[in-house]
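target_17.cif, holding mmCIF, C-alpha atoms and all ligand atoms:
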```cif
data_my_file
loop_
_atom_site.label_atom_id
_atom_site.label_comp_id
_atom_site.auth_asym_id
_atom_site.auth_seq_id
_atom_site.Cartn_x
_atom_site.Cartn_y
_atom_site.Cartn_z
CA MET A 9 -13.77 12.25 -27.57
CA SER A 10 -15.36 15.68 -27.57
CA PHE A 11 -13.80 18.39 -29.74
CA LEU A 12 -13.02 20.56 -26.71
CA LYS A 13 -11.30 17.71 -24.87
CA THR A 14 -9.26 16.82 -27.95
CA LEU A 15 -8.22 20.43 -28.23
CA LYS A 16 -7.14 20.61 -24.61
CA ILE A 17 -5.08 17.41 -24.70
CA SER A 18 -3.50 18.38 -28.02
CA ALA A 19 -2.67 21.81 -26.64
CA ALA A 20 -0.93 20.14 -23.70
CA LEU A 21 1.07 17.86 -25.94
CA VAL A 22 2.10 20.72 -28.25
CA ALA A 23 3.21 22.77 -25.26
CA LEU A 24 5.23 19.82 -23.97
CA SER A 25 6.80 18.80 -27.23
CA ALA A 26 7.81 22.41 -27.84
CA GLY A 27 9.50 22.32 -24.44
CA GLY A 28 7.19 25.06 -23.22
CA ALA A 29 5.94 25.20 -19.64
CA LEU A 30 2.31 24.51 -18.90
CA ALA A 31 0.36 27.46 -17.59
CA ASN A 32 -0.37 25.98 -14.17
CA ASP A 33 1.48 23.86 -11.66
CA VAL A 34 -0.03 20.57 -10.65
CA GLU A 35 -0.80 20.53 -6.95
CA VAL A 36 -0.30 17.01 -5.66
CA LEU A 37 -1.63 15.86 -2.30
CA HIS A 38 0.22 12.79 -1.01
CA TRP A 39 1.58 11.10 2.11
CA TRP A 40 5.04 10.17 0.90
CA THR A 41 7.10 11.85 3.59
CA SER A 42 9.53 9.18 4.86
CA GLY A 43 13.09 9.08 3.49
CA GLY A 44 12.41 6.26 1.03
CA GLU A 45 9.05 7.66 -0.02
CA ALA A 46 10.51 11.13 -0.57
CA ALA A 47 13.29 9.62 -2.70
CA ALA A 48 10.68 7.94 -4.88
CA LEU A 49 8.61 11.10 -5.08
CA ASN A 50 11.71 12.94 -6.28
CA VAL A 51 11.83 10.56 -9.26
CA LEU A 52 8.33 11.74 -10.18
CA LYS A 53 9.11 15.42 -9.56
CA GLY A 54 12.31 15.13 -11.62
CA ASP A 55 10.46 13.42 -14.46
CA LEU A 56 7.87 16.20 -14.56
CA GLU A 57 10.54 18.90 -14.39
CA THR A 58 12.16 17.60 -17.57
CA GLN A 59 8.78 18.11 -19.23
CA SER A 60 8.30 21.60 -17.79
CA ILE A 61 5.35 20.52 -15.67
CA GLY A 62 5.38 22.59 -12.47
CA TRP A 63 4.89 20.83 -9.12
CA GLN A 64 3.20 22.24 -6.06
CA ASP A 65 3.79 19.91 -3.15
CA MET A 66 1.02 19.15 -0.65
CA PRO A 67 2.45 16.50 1.68
CA VAL A 68 0.36 15.22 4.59
CA ALA A 69 2.46 13.00 6.85
CA GLY A 70 0.97 9.76 8.15
CA GLY A 71 1.63 6.27 6.82
CA GLY A 72 -1.29 4.58 5.11
CA GLY A 73 -2.79 7.96 4.20
CA GLU A 74 -5.57 8.39 6.78
CA GLN A 75 -4.51 11.93 7.66
CA ALA A 76 -4.12 12.78 3.97
CA MET A 77 -7.70 11.67 3.35
CA THR A 78 -8.93 13.87 6.23
CA VAL A 79 -7.12 16.89 4.77
CA LEU A 80 -8.52 16.07 1.33
CA ARG A 81 -12.09 16.02 2.64
CA ALA A 82 -11.56 19.45 4.25
CA ARG A 83 -10.07 20.88 1.04
CA VAL A 84 -12.91 19.61 -1.12
CA THR A 85 -15.53 20.83 1.36
CA ALA A 86 -13.90 24.26 1.21
CA GLY A 87 -14.20 24.19 -2.59
CA ASN A 88 -10.45 24.01 -3.04
CA ALA A 89 -9.66 20.51 -4.31
CA PRO A 90 -6.02 19.77 -5.23
CA THR A 91 -5.28 18.95 -8.88
CA ALA A 92 -4.11 15.40 -8.18
CA VAL A 93 -4.31 13.16 -5.13
CA GLN A 94 -2.54 9.95 -4.12
CA MET A 95 -5.34 7.52 -3.34
CA LEU A 96 -6.03 3.88 -2.54
CA GLY A 97 -8.65 1.40 -3.71
CA PHE A 98 -12.14 1.99 -2.40
CA ASP A 99 -11.39 5.65 -1.62
CA ILE A 100 -11.05 6.22 -5.37
CA GLN A 101 -14.43 4.59 -5.91
CA ASP A 102 -16.03 6.66 -3.13
CA TRP A 103 -14.79 9.97 -4.59
CA ALA A 104 -15.79 8.93 -8.08
CA ALA A 105 -19.29 8.08 -6.82
CA GLU A 106 -19.50 11.64 -5.50
CA GLY A 107 -18.75 12.89 -9.02
CA ALA A 108 -15.56 14.59 -7.84
CA LEU A 109 -13.07 12.98 -10.21
CA ALA A 110 -12.11 13.92 -13.75
CA ASN A 111 -12.68 11.44 -16.56
CA LEU A 112 -9.32 10.33 -17.99
CA ASN A 113 -10.75 8.17 -20.78
CA ASP A 114 -9.27 10.24 -23.60
CA VAL A 115 -5.72 9.96 -22.27
CA ALA A 116 -6.26 6.29 -21.40
CA ALA A 117 -7.57 5.48 -24.87
CA ALA A 118 -4.82 7.41 -26.63
CA GLU A 119 -2.20 5.49 -24.63
CA GLY A 120 -3.86 2.08 -24.51
CA TRP A 121 -4.09 1.74 -20.71
CA ASP A 122 -6.80 -0.92 -20.99
CA ALA A 123 -4.38 -3.41 -22.49
CA VAL A 124 -1.52 -3.00 -20.00
CA VAL A 125 -3.08 -2.36 -16.58
CA PRO A 126 -4.09 -5.59 -14.79
CA ALA A 127 -7.82 -6.09 -14.18
CA ALA A 128 -7.27 -6.16 -10.40
CA LEU A 129 -6.09 -2.53 -10.60
CA GLN A 130 -8.61 -1.40 -13.21
CA ARG A 131 -11.31 -2.46 -10.78
CA PHE A 132 -10.23 0.57 -8.73
CA SER A 133 -8.95 2.92 -11.47
CA LYS A 134 -12.26 2.88 -13.32
CA TYR A 135 -15.68 3.96 -12.18
CA ASP A 136 -18.76 3.35 -14.29
CA GLY A 137 -16.60 2.64 -17.35
CA ALA A 138 -14.49 5.79 -16.96
CA TRP A 139 -10.82 5.89 -16.01
CA VAL A 140 -10.67 8.15 -12.95
CA ALA A 141 -7.15 7.40 -11.67
CA ALA A 142 -3.70 6.55 -12.99
CA PRO A 143 -2.01 3.68 -11.07
CA VAL A 144 1.66 4.30 -10.32
CA ASN A 145 2.53 1.03 -8.59
CA VAL A 146 1.51 -2.19 -6.90
CA HIS A 147 2.60 -2.74 -3.30
CA SER A 148 1.85 -5.77 -1.19
CA THR A 149 1.49 -6.15 2.54
CA ASN A 150 2.44 -9.78 3.25
CA TRP A 151 6.20 -9.25 3.48
CA VAL A 152 8.75 -9.64 6.25
CA TRP A 153 11.98 -7.60 6.34
CA ALA A 154 14.92 -8.95 8.31
CA ASN A 155 18.39 -7.84 9.32
CA LYS A 156 20.64 -10.52 7.83
CA ALA A 157 23.52 -10.09 10.29
CA VAL A 158 21.16 -10.42 13.25
CA LEU A 159 19.64 -13.59 11.84
CA ASP A 160 23.07 -15.05 10.99
CA ALA A 161 24.47 -14.24 14.43
CA ASN A 162 21.60 -16.18 15.98
CA GLY A 163 21.65 -19.13 13.57
CA ILE A 164 18.20 -18.30 12.17
CA ALA A 165 17.15 -19.36 8.66
CA VAL A 166 14.28 -17.72 6.78
CA PRO A 167 11.13 -19.01 8.53
CA GLU A 168 8.81 -20.92 6.21
CA THR A 169 5.92 -21.58 8.57
CA TRP A 170 4.29 -19.86 11.52
CA ASP A 171 5.97 -22.38 13.84
CA ASP A 172 9.38 -21.57 12.30
CA PHE A 173 8.63 -17.91 12.85
CA VAL A 174 7.69 -18.49 16.51
CA ALA A 175 10.94 -20.41 17.03
CA ALA A 176 12.99 -17.62 15.39
CA VAL A 177 11.30 -14.93 17.46
CA GLU A 178 11.88 -16.89 20.67
CA LYS A 179 15.55 -17.34 19.80
CA LEU A 180 15.99 -13.59 19.32
CA ALA A 181 14.13 -12.83 22.53
CA ALA A 182 16.36 -15.25 24.42
CA ALA A 183 19.42 -13.54 22.94
CA GLY A 184 18.20 -10.16 24.19
CA VAL A 185 17.40 -8.77 20.75
CA THR A 186 14.03 -7.11 20.07
CA PRO A 187 12.48 -9.76 17.80
CA ILE A 188 9.91 -7.58 16.04
CA ALA A 189 10.12 -3.89 15.15
CA HIS A 190 6.64 -2.42 15.10
CA GLY A 191 4.90 0.90 15.25
CA GLY A 192 1.69 0.84 17.28
CA GLN A 193 -0.61 2.73 14.94
CA ALA A 194 -3.93 1.26 13.84
CA TRP A 195 -2.96 0.95 10.17
CA GLN A 196 0.30 -0.81 11.06
CA ASP A 197 -1.49 -3.26 13.37
CA ALA A 198 -3.91 -3.90 10.50
CA THR A 199 -1.08 -4.38 8.01
CA ILE A 200 0.26 -7.23 10.14
CA PHE A 201 -3.26 -8.58 10.52
CA ASP A 202 -3.60 -8.89 6.71
CA ALA A 203 -0.71 -11.35 6.68
CA VAL A 204 -1.59 -13.13 9.91
CA VAL A 205 -5.15 -13.81 8.76
CA MET A 206 -3.92 -15.05 5.37
CA SER A 207 -1.35 -17.29 7.04
CA THR A 208 -3.73 -18.64 9.67
CA GLY A 209 -6.74 -19.34 7.46
CA GLY A 210 -5.42 -19.45 3.89
CA PRO A 211 -6.72 -17.63 0.82
CA ASP A 212 -10.34 -18.87 0.93
CA PHE A 213 -10.61 -17.76 4.54
CA TYR A 214 -9.02 -14.36 3.82
CA LYS A 215 -11.53 -13.83 1.01
CA ALA A 216 -14.51 -14.96 3.07
CA ALA A 217 -13.54 -12.74 6.02
CA PHE A 218 -12.20 -9.59 4.40
CA ILE A 219 -13.61 -9.45 0.88
CA ASP A 220 -17.00 -11.11 1.38
CA LEU A 221 -17.34 -10.04 5.05
CA ASP A 222 -18.91 -13.39 5.88
CA PRO A 223 -19.94 -13.28 9.57
CA ALA A 224 -19.22 -17.01 9.91
CA ALA A 225 -15.58 -16.42 8.91
CA LEU A 226 -15.24 -13.23 10.93
CA GLY A 227 -16.61 -14.99 14.00
CA SER A 228 -14.77 -18.28 13.56
CA GLU A 229 -12.28 -20.26 15.62
CA THR A 230 -9.77 -19.56 12.84
CA MET A 231 -10.20 -15.83 13.41
CA LYS A 232 -9.68 -16.39 17.13
CA GLU A 233 -6.45 -18.22 16.29
CA ALA A 234 -5.38 -15.23 14.16
CA PHE A 235 -5.96 -12.93 17.13
CA ASP A 236 -3.94 -15.30 19.33
CA ARG A 237 -1.08 -14.98 16.87
CA MET A 238 -1.39 -11.18 17.09
CA SER A 239 -0.99 -11.55 20.87
CA PHE A 240 2.24 -13.47 20.29
CA ILE A 241 3.50 -10.66 18.05
CA ARG A 242 2.45 -8.05 20.64
CA ALA A 243 4.46 -9.92 23.27
CA ASN A 244 7.58 -9.68 21.12
CA VAL A 245 7.77 -5.98 20.24
CA ASP A 246 9.78 -3.52 22.33
CA SER A 247 8.14 -1.46 25.07
CA ASN A 248 8.30 1.82 23.07
CA PHE A 249 6.26 0.58 20.13
CA SER A 250 3.19 2.68 20.79
CA GLY A 251 2.61 5.43 18.20
CA ARG A 252 5.95 4.84 16.47
CA ASP A 253 6.03 5.69 12.75
CA TRP A 254 6.53 2.71 10.45
CA ASN A 255 9.80 4.02 9.00
CA LEU A 256 11.30 4.31 12.50
CA ALA A 257 10.42 0.65 13.01
CA THR A 258 12.18 -0.11 9.72
CA ALA A 259 15.20 1.83 10.99
CA MET A 260 15.38 -0.53 13.98
CA VAL A 261 15.84 -3.46 11.58
CA ILE A 262 18.27 -1.48 9.41
CA ASN A 263 20.38 -0.65 12.50
CA GLY A 264 20.30 -4.18 13.90
CA GLU A 265 18.23 -3.20 16.93
CA ALA A 266 15.51 -5.65 15.88
CA GLY A 267 15.32 -8.81 13.80
CA PHE A 268 12.11 -8.53 11.79
CA GLN A 269 9.51 -6.08 10.59
CA MET A 270 6.25 -7.19 9.00
CA MET A 271 5.40 -4.41 6.59
CA GLY A 272 4.49 -3.68 2.99
CA ASP A 273 7.29 -3.33 0.47
CA TRP A 274 7.47 0.43 0.93
CA ALA A 275 9.81 -0.67 3.76
CA LYS A 276 12.33 -1.64 1.08
CA GLY A 277 12.51 2.01 0.09
CA GLU A 278 13.90 2.77 3.56
CA PHE A 279 16.58 0.07 3.33
CA LEU A 280 17.66 1.31 -0.10
CA ASN A 281 17.63 4.92 1.03
CA ALA A 282 20.01 3.87 3.85
CA GLY A 283 22.36 2.30 1.28
CA LYS A 284 21.51 -1.29 2.21
CA VAL A 285 21.62 -4.16 -0.25
CA PRO A 286 19.05 -6.97 -0.42
CA GLY A 287 20.45 -10.44 0.22
CA GLN A 288 23.55 -8.89 1.76
CA ASP A 289 22.32 -6.52 4.50
CA PHE A 290 18.66 -7.37 4.60
CA LEU A 291 16.30 -10.14 3.58
CA CYS A 292 12.81 -9.90 2.10
CA PHE A 293 10.47 -12.84 2.24
CA ARG A 294 6.75 -13.51 2.28
CA PHE A 295 5.09 -13.74 5.68
CA PRO A 296 5.46 -17.41 6.71
CA GLY A 297 2.58 -19.45 5.34
CA THR A 298 1.63 -16.90 2.64
CA GLN A 299 4.32 -17.74 0.07
CA ASP A 300 1.77 -18.29 -2.72
CA GLN A 301 -0.48 -15.35 -1.94
CA VAL A 302 -0.27 -11.61 -2.47
CA THR A 303 -2.35 -9.07 -0.56
CA PHE A 304 -1.94 -5.97 -2.67
CA ASN A 305 -2.55 -2.26 -2.69
CA SER A 306 -1.93 0.16 -5.49
CA ASP A 307 -1.16 3.86 -5.18
CA GLN A 308 -3.09 5.70 -7.83
CA PHE A 309 -3.37 9.38 -8.70
CA ALA A 310 -6.91 10.60 -9.00
CA MET A 311 -7.44 13.92 -10.74
CA PHE A 312 -10.04 16.19 -9.17
CA ASP A 313 -12.50 17.65 -11.61
CA GLN A 314 -11.54 21.28 -12.19
CA GLY A 315 -14.62 22.20 -14.20
CA GLY A 316 -15.76 19.49 -16.54
CA VAL A 317 -12.66 18.73 -18.57
CA VAL A 318 -9.29 17.24 -17.79
CA SER A 319 -6.81 20.11 -17.63
CA ALA A 320 -3.66 20.05 -19.73
CA GLU A 321 -1.60 19.66 -16.55
CA GLN A 322 -3.68 16.73 -15.34
CA ALA A 323 -3.41 14.99 -18.70
CA ALA A 324 0.35 15.56 -18.73
CA LEU A 325 0.71 14.21 -15.17
CA ALA A 326 -1.33 11.11 -16.01
CA THR A 327 0.78 10.49 -19.11
CA ALA A 328 4.00 10.88 -17.14
CA ILE A 329 2.81 8.46 -14.43
CA MET A 330 1.83 5.81 -16.95
CA SER A 331 5.03 5.91 -18.98
CA PRO A 332 6.76 2.48 -18.83
CA SER A 333 10.22 3.95 -18.26
CA PHE A 334 8.93 6.11 -15.44
CA GLN A 335 7.13 3.13 -13.86
CA SER A 336 10.43 1.27 -13.80
CA ALA A 337 12.51 4.16 -12.43
CA PHE A 338 9.94 5.07 -9.76
CA ASN A 339 9.18 1.59 -8.48
CA VAL A 340 12.84 0.59 -8.27
CA VAL A 341 13.20 3.31 -5.62
CA LYS A 342 9.76 3.01 -3.97
CA GLY A 343 9.94 -0.74 -3.24
CA SER A 344 6.76 -1.43 -5.19
CA VAL A 345 6.39 -3.00 -8.65
CA PRO A 346 4.98 -1.49 -11.86
CA ALA A 347 1.24 -1.10 -12.40
CA ARG A 348 1.71 -2.14 -16.03
CA THR A 349 2.33 -5.69 -17.18
CA ASP A 350 4.75 -4.65 -19.96
CA VAL A 351 7.58 -3.17 -17.87
CA PRO A 352 10.79 -5.26 -17.88
CA ASN A 353 12.25 -6.33 -14.53
CA ASP A 354 15.89 -5.66 -15.51
CA ALA A 355 16.35 -2.57 -13.36
CA PHE A 356 14.87 -4.21 -10.24
CA ASP A 357 16.83 -5.78 -7.37
CA ASP A 358 16.11 -9.32 -6.16
CA CYS A 359 13.25 -8.26 -3.88
CA GLY A 360 11.68 -6.27 -6.73
CA LYS A 361 12.08 -9.18 -9.15
CA LYS A 362 10.48 -11.48 -6.58
CA GLY A 363 7.66 -8.96 -6.08
CA MET A 364 6.97 -8.88 -9.82
CA ALA A 365 7.10 -12.67 -10.17
CA ASP A 366 4.91 -13.21 -7.06
CA LEU A 367 2.33 -10.75 -8.35
CA ALA A 368 2.11 -12.42 -11.76
CA ALA A 369 1.93 -15.91 -10.21
CA ALA A 370 -0.69 -14.95 -7.62
CA SER A 371 -2.76 -13.26 -10.27
CA ALA A 372 -2.60 -16.33 -12.53
CA SER A 373 -3.47 -18.79 -9.73
CA GLY A 374 -6.33 -16.77 -8.21
CA ASN A 375 -4.27 -15.91 -5.13
CA LEU A 376 -4.22 -12.13 -5.52
CA PHE A 377 -6.40 -10.34 -2.97
CA GLY A 378 -6.97 -6.71 -2.04
CA SER A 379 -5.34 -5.62 1.21
CA MET A 380 -7.86 -5.02 3.99
CA ALA A 381 -5.42 -2.73 5.78
CA HIS A 382 -4.81 -0.55 2.73
CA GLY A 383 -8.32 0.02 1.48
CA HIS A 384 -8.45 -2.62 -1.25
CA ALA A 385 -10.90 -5.02 0.37
CA ASN A 386 -13.66 -2.73 1.63
CA PRO A 387 -14.75 0.90 1.81
CA ALA A 388 -13.21 3.06 4.55
CA SER A 389 -16.16 2.60 6.93
CA VAL A 390 -15.60 -1.18 7.13
CA LYS A 391 -11.81 -0.86 7.09
CA ASN A 392 -11.92 1.54 10.04
CA ALA A 393 -14.28 -0.74 11.95
CA ILE A 394 -11.82 -3.61 11.55
CA TYR A 395 -8.90 -1.31 12.52
CA ASP A 396 -10.64 -0.41 15.80
CA VAL A 397 -11.07 -4.03 16.87
CA VAL A 398 -7.58 -5.14 15.80
CA THR A 399 -5.94 -2.25 17.61
CA ALA A 400 -8.03 -2.62 20.76
CA HIS A 401 -7.05 -6.30 20.88
CA PHE A 402 -3.39 -5.54 20.15
CA ASN A 403 -3.34 -3.14 23.08
CA GLY A 404 -4.91 -5.65 25.44
CA GLU A 405 -8.42 -4.17 25.66
CA TYR A 406 -9.99 -7.39 24.35
CA ASP A 407 -8.96 -10.99 24.66
CA SER A 408 -9.14 -13.01 21.43
CA GLU A 409 -12.59 -14.39 22.19
CA THR A 410 -14.02 -10.90 22.70
CA ALA A 411 -12.17 -9.53 19.68
CA VAL A 412 -13.84 -12.07 17.41
CA GLN A 413 -17.29 -11.14 18.70
CA GLU A 414 -16.53 -7.42 18.42
CA LEU A 415 -15.28 -7.93 14.86
CA VAL A 416 -18.54 -9.51 13.75
CA THR A 417 -20.58 -6.72 15.32
CA ALA A 418 -18.35 -3.86 14.14
CA VAL A 419 -18.33 -5.07 10.53
CA GLU A 420 -22.09 -5.57 10.55
CA ILE A 421 -22.72 -2.04 11.84
CA ALA A 422 -20.23 -0.47 9.40
CA GLN A 423 -21.91 -1.83 6.25
C1 LIG B 501 0.60 2.83 1.83
C2 LIG B 501 0.99 3.32 0.47
C3 LIG B 501 2.44 3.22 0.27
C4 LIG B 501 3.23 3.72 1.47
C5 LIG B 501 2.62 3.33 2.81
C6 LIG B 501 3.25 4.01 4.02
O1 LIG B 501 -0.78 2.97 2.03
O2 LIG B 501 0.33 2.57 -0.51
O3 LIG B 501 2.82 3.89 -0.90
O4 LIG B 501 3.40 5.05 1.35
O5 LIG B 501 1.26 3.57 2.83
O6 LIG B 501 3.10 5.39 4.00
#
```
Show me this structure written as structure tokens.
Amino acid sequence: MSFLKTLKISAALVALSAGGALANDVEVLHWWTSGGEAAALNVLKGDLETQSIGWQDMPVAGGGGEQAMTVLRARVTAGNAPTAVQMLGFDIQDWAAEGALANLNDVAAAEGWDAVVPAALQRFSKYDGAWVAAPVNVHSTNWVWANKAVLDANGIAVPETWDDFVAAVEKLAAAGVTPIAHGGQAWQDATIFDAVVMSTGGPDFYKAAFIDLDPAALGSETMKEAFDRMSFIRANVDSNFSGRDWNLATAMVINGEAGFQMMGDWAKGEFLNAGKVPGQDFLCFRFPGTQDQVTFNSDQFAMFDQGGVVSAEQAALATAIMSPSFQSAFNVVKGSVPARTDVPNDAFDDCGKKGMADLAAASASGNLFGSMAHGHANPASVKNAIYDVVTAHFNGEYDSETAVQELVTAVEIAQ
């Protein structure tokens, strides 16, 4: 650790322990604007307030963070990078490769991050041996959220297989209930596709297609079958799905207007924010046929280099994010699970406990994979190419046969 860096971090810690305010606010760019997300963000803001760390909010609405990343690019191009930015997977690596991110190694070493952050996350938090981001959570995309009363009223048990799911959906449709709540935005279509591909082809197929980008997998009969399953889902959403925000789709399940939503566990934040109780009002279960797998994404905060050294505010923010008690308090509200392996599950509800157990089991059995839809399988160029094909197919522009061919071509061009 250089003398100057040591001095800066120590100065920050002295200021904090003396209860003094840091000179500058941290400006945080993020996309947590739904009710549940804002509630979780308030846990972070509140935590920082108690430490006299000022917060300048820079929210950019848009689930999945595409719009936030566009705003970020404009800010950096204008020479006005925010202090800290919510970021996913390969985007962190891309910004680090550009030399834009501050090196957090001193804070990480002082606090022993190496020993408590799982390797699957470190793969994104570190670039060229340097910690460049602090992971705040682990989400996963292969979940289904259901309204319990709606399922009970229609005699539907939790579907275990794709065929069970088809039968459940058909029962709801016959009863005049919207079976699936969905928002027609590319990232939401892709979020469903993560789970459908995993369920249709299994973990080796998911890896071959989305991690290794093997043209044989992308162009296979199995992939065609996955697209056919997407067509079934498309046929069972309501007619107003186009462009709907994900949290409004969650609200349809919360209000009993729809039976299921396939969405990452940030959806749980909406149920909790509406005062709903897991197991009583709503059910959480893995997408049928993916019970042993986890397709994950992790929200991390990358600190933009403000002139060579990590600022006192950035160091303090990173420390706050990585504190075990904060990771528990935050993730209980957010719907995600801690990014550290040493956080107890006591404070978590049943869905959170299941999320933690599933993550540990999938990691141990080699069934933990980065989410294609949320930037943990490929860089943005490839992700966006896949989005385009999945969305065009979902909206009826391509049949499944054409979609498979387009997928192979689009992925090849994007690399
Ligand atoms: C994900 C992010 C989650 C959640 C979701 C919807 O990409 O990891 O934290 O915010 O988008 O906005």
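Using all atoms listed in the file, the residues found no farther than 8 Å from A:Ala310, other than those of its own chain fewer than 4 positions away, are Ala92, Val93, Gln94, Met95, Ile100, Leu109, Ala110, Val140, Ala141 and Ala142 of chain A.
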For those residues, write C-alpha atoms to a file as a CSV table (one decimal), keeping the file's coordinate frame.
```
chain,number,residue,atom,x,y,z
A,92,ALA,CA,-4.1,15.4,-8.2
A,93,VAL,CA,-4.3,13.2,-5.1
A,94,GLN,CA,-2.5,10.0,-4.1
A,95,MET,CA,-5.3,7.5,-3.3
A,100,ILE,CA,-11.0,6.2,-5.4
A,109,LEU,CA,-13.1,13.0,-10.2
A,110,ALA,CA,-12.1,13.9,-13.8
A,140,VAL,CA,-10.7,8.2,-13.0
A,141,ALA,CA,-7.2,7.4,-11.7
A,142,ALA,CA,-3.7,6.6,-13.0
```
With all atoms listed in the file as the counted atoms, please give the residues lying no more than 9 Å from A:Ala123, apart from itself and same-chain residues fewer than 2 positions off, as a PyMOL selection string. chain A and resi 120-121+125-126+348-349
Do a neighbour search on stretch 353-362 of chain A at 7 Å with only C-alpha atoms, toss out local chain neighbours closer than 6 positions, and write the hits as a count of residues only. 5
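Comparing the minimum interatomic distances between A:Gln193 and each of A:Asp366, A:Asp253, A:Asp172, A:Glu278, counting all atoms listed in the file, we find that A:Asp253 sits nearest.
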Enumerate residues in contact with ligand LIG 501 (chain B): an atom-to-atom distance of at most 8 Å, counting only C-alpha atoms and all ligand atoms. Format the result as a PyMOL selection string. chain A and resi 39-42+45+70-73+96+147+254+272+274+305-307+342+344+382
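For the pair atom CA of A:Asn263 and atom CA of A:Phe249, the separation is 16.1 Å.
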Need the neighbours of (-9.6, -5.0, 14.2): which residues are at most 9 Å away, counting all atoms listed in the file, as number ranges by chain? A: 194, 197-198, 201, 391-402, 411-412, 414-415, 418
Can you work out which one of A:Leu280, A:Val36, A:Asn339, A:Ala116 has the shortest atom-to-atom distance to A:Pro90, counting all atoms listed in the file? A:Val36
Which of A:Ala108, A:Met271, A:Ala46, A:Ala370 sits closest to A:Pro211 [using all atoms listed in the file]: A:Ala370
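Going from atom CA of A:Val144 to atom CA of A:Asp350 covers 13.5 Å.
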Residue neighbourhood A:Pro346, 8 Å, only C-alpha atoms, exclusion window fewer than 5 positions, as a ChimeraX atom specification: /A:144-146,335-336,339,351,364
Serialized selection, C-alpha atoms, as a PDB file, keeping the file's coordinate frame:
```pdb
ATOM      1  CA  VAL A 144       1.660   4.300 -10.320  1.00  0.00           C
ATOM      2  CA  ASN A 145       2.530   1.030  -8.590  1.00  0.00           C
ATOM      3  CA  VAL A 146       1.510  -2.190  -6.900  1.00  0.00           C
ATOM      4  CA  GLN A 335       7.130   3.130 -13.860  1.00  0.00           C
ATOM      5  CA  SER A 336      10.430   1.270 -13.800  1.00  0.00           C
ATOM      6  CA  ASN A 339       9.180   1.590  -8.480  1.00  0.00           C
ATOM      7  CA  VAL A 351       7.580  -3.170 -17.870  1.00  0.00           C
ATOM      8  CA  MET A 364       6.970  -8.880  -9.820  1.00  0.00           C
TER       9      MET A 364
END
```
Dump as JSON lines the rows for residues of stretch 300-380 of chain A within 9 Å of stretch 53-56 of chain A: closest atom pair and distance in Å with one decimal, all atoms listed in the file counted, ordered by chain and rising residue number.
```
{"residue": "A:Ala324", "atom": "CA", "partner": "A:Leu56", "partner_atom": "CA", "distance": 8.6}
{"residue": "A:Leu325", "atom": "CA", "partner": "A:Leu56", "partner_atom": "CA", "distance": 7.5}
{"residue": "A:Ala328", "atom": "CA", "partner": "A:Leu56", "partner_atom": "CA", "distance": 7.1}
{"residue": "A:Phe334", "atom": "CA", "partner": "A:Asp55", "partner_atom": "CA", "distance": 7.5}
```
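Between A:Ala388 and the candidates A:Thr199, A:Thr303, A:Gln101, A:Asn150, the tightest atom-to-atom separation, counting all atoms listed in the file, involves A:Gln101.
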Would you work out the distance separating atom CA of A:Glu168 from atom CA of A:Met270, expressed in Å to one decimal? 14.2 Å
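By chain and then residue number, the residues within 9 Å of A:Glu420 are Leu221, Pro223, Val390 and Leu415 of chain A, counting all atoms listed in the file and disregarding those fewer than 5 positions away in sequence.
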Considering all atoms listed in the file, state which residue in the set A:Ala217, A:Leu52, A:Pro143, A:Asn32 is at the smallest distance from A:Ala337. A:Leu52
Identify which of the residues A:Gly316, A:Ala47, A:Thr417, A:Gly378 lies closest to A:Phe218, counting all atoms listed in the file when measuring atom-to-atom distances. A:Gly378
